[in-house]
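*Asks:* Data: start.csv, CSV, C-alpha atoms.
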chain,number,residue,atom,x,y,z
A,1,MET,CA,114.8,86.3,123.7
A,2,GLU,CA,112.5,83.4,122.8
A,3,LYS,CA,109.7,84.8,124.9
A,4,LEU,CA,110.1,88.2,123.4
A,5,ASN,CA,110.0,86.7,119.9
A,6,GLU,CA,106.6,85.4,121.0
A,7,LEU,CA,105.6,88.9,122.1
A,8,TYR,CA,106.8,90.5,118.8
A,9,ALA,CA,105.0,87.9,116.8
A,10,GLN,CA,101.7,89.2,118.1
A,11,TYR,CA,102.2,92.6,116.5
A,12,LYS,CA,103.1,94.0,113.2
A,13,CYS,CA,106.9,94.2,113.2
A,14,ASP,CA,107.6,94.0,109.4
A,15,TRP,CA,107.6,97.7,108.6
A,16,LYS,CA,109.3,99.1,105.5
A,17,ASP,CA,111.2,102.3,106.3
A,18,GLU,CA,110.4,104.0,103.0
A,19,GLU,CA,106.7,103.2,103.2
A,20,VAL,CA,106.6,104.6,106.7
A,21,LYS,CA,108.3,107.8,105.5
A,22,ALA,CA,105.7,108.1,102.7
A,23,THR,CA,102.8,107.5,105.1
A,24,VAL,CA,104.0,110.2,107.5
A,25,ALA,CA,104.4,112.6,104.6
A,26,ASP,CA,100.8,111.8,103.5
A,27,ILE,CA,99.4,112.3,107.0
A,28,LEU,CA,100.9,115.7,107.3
A,29,ALA,CA,99.9,116.7,103.8
A,30,LYS,CA,96.3,115.8,104.5
A,31,HIS,CA,95.9,116.9,108.1
A,32,ALA,CA,98.6,119.2,109.4
A,33,ALA,CA,96.9,122.4,108.1
A,34,GLU,CA,93.7,121.6,110.0
A,35,ASN,CA,95.6,121.4,113.3
A,36,ASP,CA,97.6,124.6,112.6
A,37,THR,CA,95.4,126.7,114.9
A,38,LYS,CA,95.8,128.7,118.1
A,39,GLU,CA,93.6,126.3,120.0
A,40,VAL,CA,95.9,123.5,119.1
A,41,TYR,CA,98.9,125.6,120.1
A,42,LYS,CA,97.3,126.0,123.5
A,43,THR,CA,96.7,122.3,123.8
A,44,CYS,CA,100.3,121.7,122.8
A,45,PHE,CA,101.5,124.1,125.5
A,46,ASN,CA,99.6,122.0,128.1
A,47,LEU,CA,101.4,118.9,126.9
A,48,ILE,CA,104.9,120.3,127.5
A,49,ASP,CA,107.4,118.7,129.9
A,50,LEU,CA,109.4,121.9,130.5
A,51,THR,CA,112.9,120.6,130.4
A,52,SER,CA,116.4,121.7,131.6
A,53,LEU,CA,119.0,119.0,131.3
A,54,ASN,CA,122.3,120.9,131.0
A,55,SER,CA,125.6,120.2,132.7
A,56,THR,CA,125.6,123.8,134.0
A,57,ASP,CA,122.2,123.5,135.7
A,58,SER,CA,122.3,124.7,139.3
A,59,GLU,CA,119.9,125.0,142.2
A,60,GLU,CA,119.6,128.7,141.6
A,61,LYS,CA,118.8,128.2,137.9
A,62,ILE,CA,116.2,125.5,138.5
A,63,GLY,CA,114.7,127.5,141.4
A,64,ASN,CA,114.3,130.5,139.1
A,65,MET,CA,112.7,128.3,136.5
A,66,MET,CA,110.2,127.0,139.1
A,67,GLU,CA,109.4,130.6,140.1
A,68,LYS,CA,108.6,131.3,136.4
A,69,VAL,CA,106.2,128.3,136.5
A,70,ASN,CA,104.6,129.6,139.7
A,71,GLU,CA,104.1,133.0,138.3
A,72,PHE,CA,102.8,131.9,134.9
A,73,PRO,CA,99.1,131.7,135.7
A,74,ALA,CA,99.1,135.3,136.9
A,75,GLN,CA,101.0,136.5,133.8
A,76,TYR,CA,98.9,134.5,131.3
A,77,PRO,CA,95.6,133.7,133.0
A,78,GLU,CA,93.9,132.5,129.8
A,79,MET,CA,96.6,129.9,129.1
A,80,PRO,CA,96.8,126.3,130.4
A,81,LYS,CA,99.9,125.3,132.4
A,82,VAL,CA,102.7,123.1,131.3
A,83,ALA,CA,102.2,119.4,132.2
A,84,ALA,CA,105.5,118.9,134.0
A,85,VAL,CA,109.0,120.1,134.6
A,86,CYS,CA,111.9,117.7,133.8
A,87,ILE,CA,115.2,118.0,135.5
A,88,TYR,CA,118.2,116.0,136.8
A,89,PRO,CA,117.8,113.9,140.0
A,90,SER,CA,120.0,116.1,142.3
A,91,LEU,CA,117.7,119.0,141.4
A,92,VAL,CA,114.5,117.4,142.5
A,93,PRO,CA,114.7,118.7,146.1
A,94,VAL,CA,114.9,122.4,145.0
A,95,THR,CA,112.2,121.8,142.4
A,96,LYS,CA,109.9,120.3,145.0
A,97,ALA,CA,110.7,123.1,147.5
A,98,VAL,CA,110.0,126.0,145.1
A,99,LEU,CA,107.3,124.6,142.8
A,100,GLU,CA,103.9,125.5,144.2
A,101,ASP,CA,101.5,124.0,141.8
A,102,ALA,CA,100.7,120.4,142.5
A,103,ASP,CA,99.1,120.0,139.1
A,104,VAL,CA,102.5,120.4,137.5
A,105,ASN,CA,104.3,117.1,137.8
A,106,ILE,CA,108.0,116.7,138.7
A,107,ALA,CA,109.7,114.5,136.2
A,108,ALA,CA,113.3,113.5,136.5
A,109,VAL,CA,115.7,111.6,134.3
A,110,SER,CA,117.3,108.8,136.1
A,111,ALA,CA,119.1,105.4,135.8
A,112,CYS,CA,122.3,106.8,134.4
A,113,PHE,CA,120.7,109.1,131.9
A,114,PRO,CA,121.5,109.6,129.0
A,115,SER,CA,123.8,106.6,128.4
A,116,ALA,CA,122.3,103.9,130.8
A,117,GLN,CA,125.9,102.5,130.8
A,118,THR,CA,126.3,101.5,134.4
A,119,PHE,CA,125.4,98.7,136.8
A,120,ILE,CA,121.7,97.9,137.2
A,121,GLU,CA,122.2,98.2,141.0
A,122,ALA,CA,123.3,101.8,140.5
A,123,LYS,CA,120.3,102.5,138.2
A,124,VAL,CA,117.9,101.0,140.7
A,125,ALA,CA,119.4,103.0,143.6
A,126,GLU,CA,119.4,106.3,141.7
A,127,THR,CA,115.8,105.8,140.6
A,128,ALA,CA,114.6,105.0,144.1
A,129,LEU,CA,116.5,108.0,145.5
A,130,THR,CA,114.9,110.2,142.9
A,131,VAL,CA,111.4,109.1,143.8
A,132,MET,CA,112.1,109.5,147.5
A,133,ALA,CA,113.3,113.1,146.8
A,134,GLY,CA,109.9,113.9,145.3
A,135,ALA,CA,109.8,113.1,141.6
A,136,ASN,CA,106.5,111.6,140.5
A,137,GLU,CA,107.6,110.8,137.0
A,138,ILE,CA,110.9,109.0,136.1
A,139,ASP,CA,112.4,109.0,132.6
A,140,VAL,CA,114.8,106.1,132.1
A,141,VAL,CA,116.8,105.0,129.0
A,142,ILE,CA,116.9,101.4,127.7
A,143,SER,CA,120.3,99.7,127.7
A,144,LEU,CA,120.8,100.6,124.1
A,145,GLY,CA,124.0,98.6,123.6
A,146,LYS,CA,122.4,95.4,125.0
A,147,PHE,CA,119.3,96.0,122.9
A,148,LEU,CA,121.3,96.4,119.7
A,149,SER,CA,123.3,93.3,120.6
A,150,GLY,CA,120.2,91.3,120.7
A,151,TYR,CA,119.9,90.9,124.5
A,152,HIS,CA,116.3,92.0,124.6
A,153,SER,CA,115.3,89.8,127.5
A,154,GLU,CA,118.0,91.3,129.7
A,155,VAL,CA,116.9,94.8,128.7
A,156,LEU,CA,113.3,93.9,129.7
A,157,GLU,CA,114.4,92.5,133.0
A,158,GLU,CA,116.4,95.7,133.8
A,159,LEU,CA,113.3,97.9,132.9
A,160,ARG,CA,111.1,95.8,135.2
A,161,GLU,CA,113.5,96.3,138.1
A,162,LEU,CA,113.5,100.0,137.4
A,163,LYS,CA,109.7,100.0,137.3
A,164,ASP,CA,109.6,98.3,140.7
A,165,SER,CA,112.0,101.0,142.1
A,166,CYS,CA,109.7,103.7,140.7
A,167,ARG,CA,107.0,102.7,143.2
A,168,LYS,CA,104.0,104.9,142.6
A,169,ALA,CA,105.8,107.2,140.2
A,170,HIS,CA,105.1,106.8,136.5
A,171,MET,CA,108.0,105.5,134.4
A,172,LYS,CA,108.7,106.8,130.9
A,173,VAL,CA,111.0,104.6,128.9
A,174,ILE,CA,113.3,106.3,126.4
A,175,ILE,CA,114.1,104.0,123.5
A,176,GLU,CA,116.6,106.5,121.8
A,177,SER,CA,114.9,106.0,118.5
A,178,GLY,CA,117.5,107.9,116.5
A,179,ALA,CA,120.1,105.2,117.3
A,180,LEU,CA,117.8,102.4,116.1
A,181,PRO,CA,118.5,101.9,112.4
A,182,THR,CA,115.1,100.4,111.3
A,183,CYS,CA,111.5,101.0,112.0
A,184,ASN,CA,111.2,97.3,113.0
A,185,LEU,CA,113.7,97.9,115.9
A,186,ILE,CA,111.8,100.9,117.0
A,187,MET,CA,108.7,98.8,117.1
A,188,GLN,CA,110.4,96.1,119.1
A,189,ALA,CA,111.9,98.6,121.6
A,190,SER,CA,108.5,100.1,122.0
A,191,LEU,CA,106.8,96.8,122.7
A,192,LEU,CA,109.5,95.7,125.0
A,193,SER,CA,109.2,99.0,127.0
A,194,ILE,CA,105.4,98.6,127.2
A,195,ALA,CA,105.9,95.0,128.4
A,196,SER,CA,108.1,96.3,131.3
A,197,GLY,CA,105.1,98.2,132.8
A,198,ALA,CA,106.0,101.7,131.5
A,199,GLU,CA,103.3,104.3,131.5
A,200,PHE,CA,104.9,106.2,128.7
A,201,ILE,CA,107.3,105.4,125.8
A,202,LYS,CA,109.5,108.3,124.8
A,203,THR,CA,111.6,108.8,121.6
A,204,SER,CA,114.9,110.3,122.7
A,205,THR,CA,117.2,111.8,125.3
A,206,GLY,CA,117.9,114.8,123.1
A,207,LYS,CA,121.6,114.0,123.5
A,208,LEU,CA,122.1,112.0,120.3
A,209,GLU,CA,121.4,113.0,116.7
A,210,PRO,CA,118.9,112.4,115.2
A,211,ALA,CA,116.6,112.9,118.2
A,212,ALA,CA,112.9,112.7,117.7
A,213,THR,CA,111.6,112.0,114.2
A,214,LEU,CA,108.1,111.9,112.9
A,215,GLU,CA,108.7,108.5,111.5
A,216,ALA,CA,109.7,107.1,114.9
A,217,ALA,CA,106.6,108.8,116.4
A,218,TYR,CA,104.4,107.1,113.8
A,219,ILE,CA,105.9,103.6,114.7
A,220,MET,CA,105.7,104.2,118.4
A,221,CYS,CA,102.1,105.3,118.2
A,222,GLN,CA,101.4,102.2,116.1
A,223,ALA,CA,102.8,100.1,118.9
A,224,ILE,CA,100.6,101.9,121.4
A,225,LYS,CA,97.6,101.5,119.2
A,226,GLN,CA,98.1,97.8,118.6
A,227,TYR,CA,98.7,97.2,122.3
A,228,TYR,CA,95.5,99.1,123.2
A,229,ASP,CA,93.5,97.2,120.6
A,230,LYS,CA,94.7,93.9,122.1
A,231,THR,CA,94.5,94.8,125.8
A,232,GLY,CA,92.3,97.9,126.2
A,233,GLU,CA,95.2,99.5,128.1
A,234,LYS,CA,96.3,103.0,127.2
A,235,ILE,CA,100.0,103.8,127.1
A,236,GLY,CA,101.3,107.4,126.8
A,237,PHE,CA,103.7,108.8,124.2
A,238,LYS,CA,106.4,111.4,124.5
A,239,PRO,CA,108.4,112.7,121.6
A,240,ALA,CA,111.5,114.7,122.9
A,241,GLY,CA,114.6,116.1,121.4
A,242,GLY,CA,114.7,118.8,118.7
A,243,ILE,CA,111.1,119.8,119.1
A,244,VAL,CA,111.5,123.5,119.0
A,245,THR,CA,109.0,125.3,116.6
A,246,THR,CA,105.3,125.6,116.7
A,247,GLN,CA,105.2,123.7,113.4
A,248,ASP,CA,107.1,120.8,115.1
A,249,ALA,CA,104.5,120.6,117.8
A,250,VAL,CA,101.6,120.7,115.2
A,251,ASN,CA,103.3,117.9,113.3
A,252,TYR,CA,103.6,115.6,116.3
A,253,TYR,CA,100.1,116.5,117.4
A,254,THR,CA,98.9,115.5,113.9
A,255,ILE,CA,100.6,112.1,114.0
A,256,VAL,CA,99.2,111.3,117.4
A,257,LYS,CA,95.7,112.5,116.5
A,258,THR,CA,95.7,110.5,113.3
A,259,VAL,CA,97.1,107.2,114.7
A,260,LEU,CA,95.7,107.2,118.2
A,261,GLY,CA,92.7,109.5,118.1
A,262,GLU,CA,91.5,112.4,120.2
A,263,GLU,CA,91.5,110.3,123.4
A,264,TRP,CA,95.3,110.7,123.4
A,265,LEU,CA,95.3,114.5,123.0
A,266,ASN,CA,95.8,115.3,126.7
A,267,ASN,CA,98.7,115.4,129.0
A,268,LYS,CA,97.8,112.1,130.7
A,269,LEU,CA,98.7,110.3,127.5
A,270,PHE,CA,100.7,112.7,125.4
A,271,ARG,CA,103.7,114.9,126.3
A,272,LEU,CA,106.1,117.0,124.4
A,273,GLY,CA,109.6,117.1,125.8
A,274,ALA,CA,111.0,120.6,125.1
A,275,SER,CA,113.0,123.5,126.5
A,276,ARG,CA,112.5,126.2,123.8
A,277,LEU,CA,109.0,125.2,122.5
A,278,ALA,CA,107.1,126.9,125.3
A,279,ASN,CA,108.3,130.4,124.3
A,280,ASN,CA,107.7,129.7,120.6
A,281,LEU,CA,104.1,128.5,121.2
A,282,LEU,CA,103.5,131.6,123.3
A,283,SER,CA,104.8,133.8,120.5
A,284,SER,CA,102.5,132.1,118.0
A,285,ILE,CA,99.5,132.4,120.2
A,286,TYR,CA,100.0,136.1,121.0
A,287,ASP,CA,101.5,137.1,117.6
A,288,ARG,CA,104.6,138.7,119.1
A,289,GLU,CA,107.9,137.5,120.3
A,290,ILE,CA,107.7,136.2,123.9
A,291,VAL,CA,110.7,135.0,125.9
A,292,TYR,CA,109.1,134.0,129.2
A,293,PHE,CA,110.9,130.8,130.2
Give the structure from this file in structure tokens form.
*Replies:*
Amino acid sequence: MEKLNELYAQYKCDWKDEEVKATVADILAKHAAENDTKEVYKTCFNLIDLTSLNSTDSEEKIGNMMEKVNEFPAQYPEMPKVAAVCIYPSLVPVTKAVLEDADVNIAAVSACFPSAQTFIEAKVAETALTVMAGANEIDVVISLGKFLSGYHSEVLEELRELKDSCRKAHMKVIIESGALPTCNLIMQASLLSIASGAEFIKTSTGKLEPAATLEAAYIMCQAIKQYYDKTGEKIGFKPAGGIVTTQDAVNYYTIVKTVLGEEWLNNKLFRLGASRLANNLLSSIYDREIVYF
């Protein structure tokens, strides 16, 4: 923990929750309207990790979902594609077999998602197997109980082991921000995740309430910005959980644009984890209800 205290000391970690809430409200009041356009909706569509993480998911269901992704360019030729699909590890093989577009990444949750409550050896093995099956992005969860108990160094070491097992696949670290009671803990979890070698930091599993919040997004983007200012290295950001409406997407887009700038407004550095958002964005773009996915 001593070394991590040295890390935290290099960054602003003395956030006041009410001030963050007021700052987020001010950003949205000033800038959300200017981003409420169909061009931004299309950009947001291109940021989506199209997600299915249900206990009832089957090879047939996920195969059908991939067929929809395959057929999308022909159905909507003027639209960009989703950035990735996000599924459970055991469904990576059928995803890889059916998905035809190499530009759509295969992301999989791993390492005992969503609780992370198992042995590190099991997490490492599952992550390695998921990469071997064909996933090129891996979403893992921090050991939340250990983090909240103050064992930050142990959490960091676990994440570094998982990063090693990802090999060439990108690792997104989920900090489960809704379970972290203060903005300062969100900042520390973000910095710890970045220090592990993660390419992305992500708000939530979507399995706990609250899931993603705009205040957590603001703090996580501040961690990314401060890290970039210090090192010149760009880390990606992915809010996920409860992002459903077009206005939700616009609000997160506005936070990222305001804090990190236009360089982050692409799917190499910004994703939206969602299952229902794609249809709602399509409906907003075409001014009629569309249920495609």
*Asks:* Go ahead and find all residues with at least one atom no further than 9 Å from (117.1, 109.4, 142.4) in the file's coordinates, using all atoms listed in the file; report them as a ChimeraX atom specification.
*Replies:* /A:88-90,92,108-111,123-135,138
*Asks:* Skip A:Lys238 itself and residues of its chain fewer than 2 positions away, then list as an MDAnalysis selection string all residues within 6 Å of it, counting all atoms listed in the file.
*Replies:* chainID A and resid 202 270:272
*Asks:* Keeping C-alpha atoms, export the residues of the selection given above as a PDB file, in the frame of the given file.
*Replies:*
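That gives us result-v2.pdb:
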ATOM      1  CA  LYS A 202     109.500 108.300 124.800  1.00  0.00           C
ATOM      2  CA  PHE A 270     100.700 112.700 125.400  1.00  0.00           C
ATOM      3  CA  ARG A 271     103.700 114.900 126.300  1.00  0.00           C
ATOM      4  CA  LEU A 272     106.100 117.000 124.400  1.00  0.00           C
TER       5      LEU A 272
END
*Asks:* Can you pull out every residue within 7 Å of A:Thr246, counting only C-alpha atoms, but drop anything in the same chain fewer than 4 positions away, and send it as a PyMOL selection string?
*Replies:* chain A and resi 250+277+280-281
*Asks:* In Å, rounded to a single decimal, give me how far atom CA of A:Ala22 is from atom CA of A:Tyr252.
*Replies:* 15.7 Å
*Asks:* Residues proximal to (109.3, 123.7, 119.7) were defined as those with any atom within 8 Å of that point in the file's coordinates, counting only C-alpha atoms. Which are they, as a CSV table (one decimal) with C-alpha atoms, in the frame of the given file?
*Replies:*
chain,number,residue,atom,x,y,z
A,242,GLY,CA,114.7,118.8,118.7
A,243,ILE,CA,111.1,119.8,119.1
A,244,VAL,CA,111.5,123.5,119.0
A,245,THR,CA,109.0,125.3,116.6
A,246,THR,CA,105.3,125.6,116.7
A,247,GLN,CA,105.2,123.7,113.4
A,248,ASP,CA,107.1,120.8,115.1
A,249,ALA,CA,104.5,120.6,117.8
A,274,ALA,CA,111.0,120.6,125.1
A,275,SER,CA,113.0,123.5,126.5
A,276,ARG,CA,112.5,126.2,123.8
A,277,LEU,CA,109.0,125.2,122.5
A,278,ALA,CA,107.1,126.9,125.3
A,280,ASN,CA,107.7,129.7,120.6
A,281,LEU,CA,104.1,128.5,121.2
*Asks:* Excluding same-chain residues fewer than 3 positions from stretch 5-7 of chain A, what lies within 10 Å of it counting only C-alpha atoms, as number ranges by chain?
*Replies:* A: 1-2, 10-11, 152-153, 188, 191-192, 195
*Asks:* What does the file look like for those residues with C-alpha atoms, as a short mmCIF file (atom, residue, chain, number, x, y, z; two decimals), in the coordinates of the input?
*Replies:*
data_model
loop_
_atom_site.label_atom_id
_atom_site.label_comp_id
_atom_site.auth_asym_id
_atom_site.auth_seq_id
_atom_site.Cartn_x
_atom_site.Cartn_y
_atom_site.Cartn_z
CA MET A 1 114.80 86.30 123.70
CA GLU A 2 112.50 83.40 122.80
CA GLN A 10 101.70 89.20 118.10
CA TYR A 11 102.20 92.60 116.50
CA HIS A 152 116.30 92.00 124.60
CA SER A 153 115.30 89.80 127.50
CA GLN A 188 110.40 96.10 119.10
CA LEU A 191 106.80 96.80 122.70
CA LEU A 192 109.50 95.70 125.00
CA ALA A 195 105.90 95.00 128.40
#
*Asks:* Could you pull the residues within 9 Å of stretch 181-185 of chain A, counting all atoms listed in the file, minus those fewer than 6 positions along the same chain, as a short mmCIF file (atom, residue, chain, number, x, y, z; two decimals) with C-alpha atoms, in the frame of the given file?
*Replies:*
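Once written, part.cif looks like this:
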data_model
loop_
_atom_site.label_atom_id
_atom_site.label_comp_id
_atom_site.auth_asym_id
_atom_site.auth_seq_id
_atom_site.Cartn_x
_atom_site.Cartn_y
_atom_site.Cartn_z
CA LYS A 12 103.10 94.00 113.20
CA CYS A 13 106.90 94.20 113.20
CA ASP A 14 107.60 94.00 109.40
CA TRP A 15 107.60 97.70 108.60
CA LYS A 16 109.30 99.10 105.50
CA ASP A 17 111.20 102.30 106.30
CA VAL A 20 106.60 104.60 106.70
CA LEU A 148 121.30 96.40 119.70
CA GLU A 215 108.70 108.50 111.50
CA ALA A 216 109.70 107.10 114.90
CA ILE A 219 105.90 103.60 114.70
#
*Asks:* So how many Å separate atom CA of A:Ser196 and atom CA of A:Ser143, to one decimal?
*Replies:*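 According to the coordinates, atom CA of A:Ser196 and atom CA of A:Ser143 are separated by 13.2 Å.
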*Asks:* So, counting all atoms listed in the file, which residue among A:Ser283, A:Thr205, A:Asn266, A:Asn70 is closest to A:Leu53?
*Replies:*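 Of A:Ser283, A:Thr205, A:Asn266, A:Asn70, the one nearest A:Leu53 is A:Thr205, counting all atoms listed in the file.
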*Asks:* Report, in Å to a single decimal, how far apart atom CA of A:Phe237 and atom CA of A:Ala217 are.
*Replies:* 8.3 Å
*Asks:* With only C-alpha atoms as the basis for distance, which of A:Ala122, A:Ile194, A:Met66, A:Ala107 is at the shortest distance from A:Tyr227?
*Replies:*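 Ranked by minimum distance to A:Tyr227, first place goes to A:Ile194.
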*Asks:* Counting only C-alpha atoms, which residue out of A:Leu269, A:Ala83, A:Ile62, A:Ala102 sits closest to A:Tyr253?
*Replies:*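 Of A:Leu269, A:Ala83, A:Ile62, A:Ala102, the one nearest A:Tyr253 is A:Leu269, counting only C-alpha atoms.
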*Asks:* Would you pick out the contacts of A:His31 at 10 Å or less, using only C-alpha atoms, so that residues sharing its chain but fewer than 2 positions from it are not included, and give the list as a PyMOL selection string?
*Replies:* chain A and resi 26-29+33-36+250-251+254-255+257-258
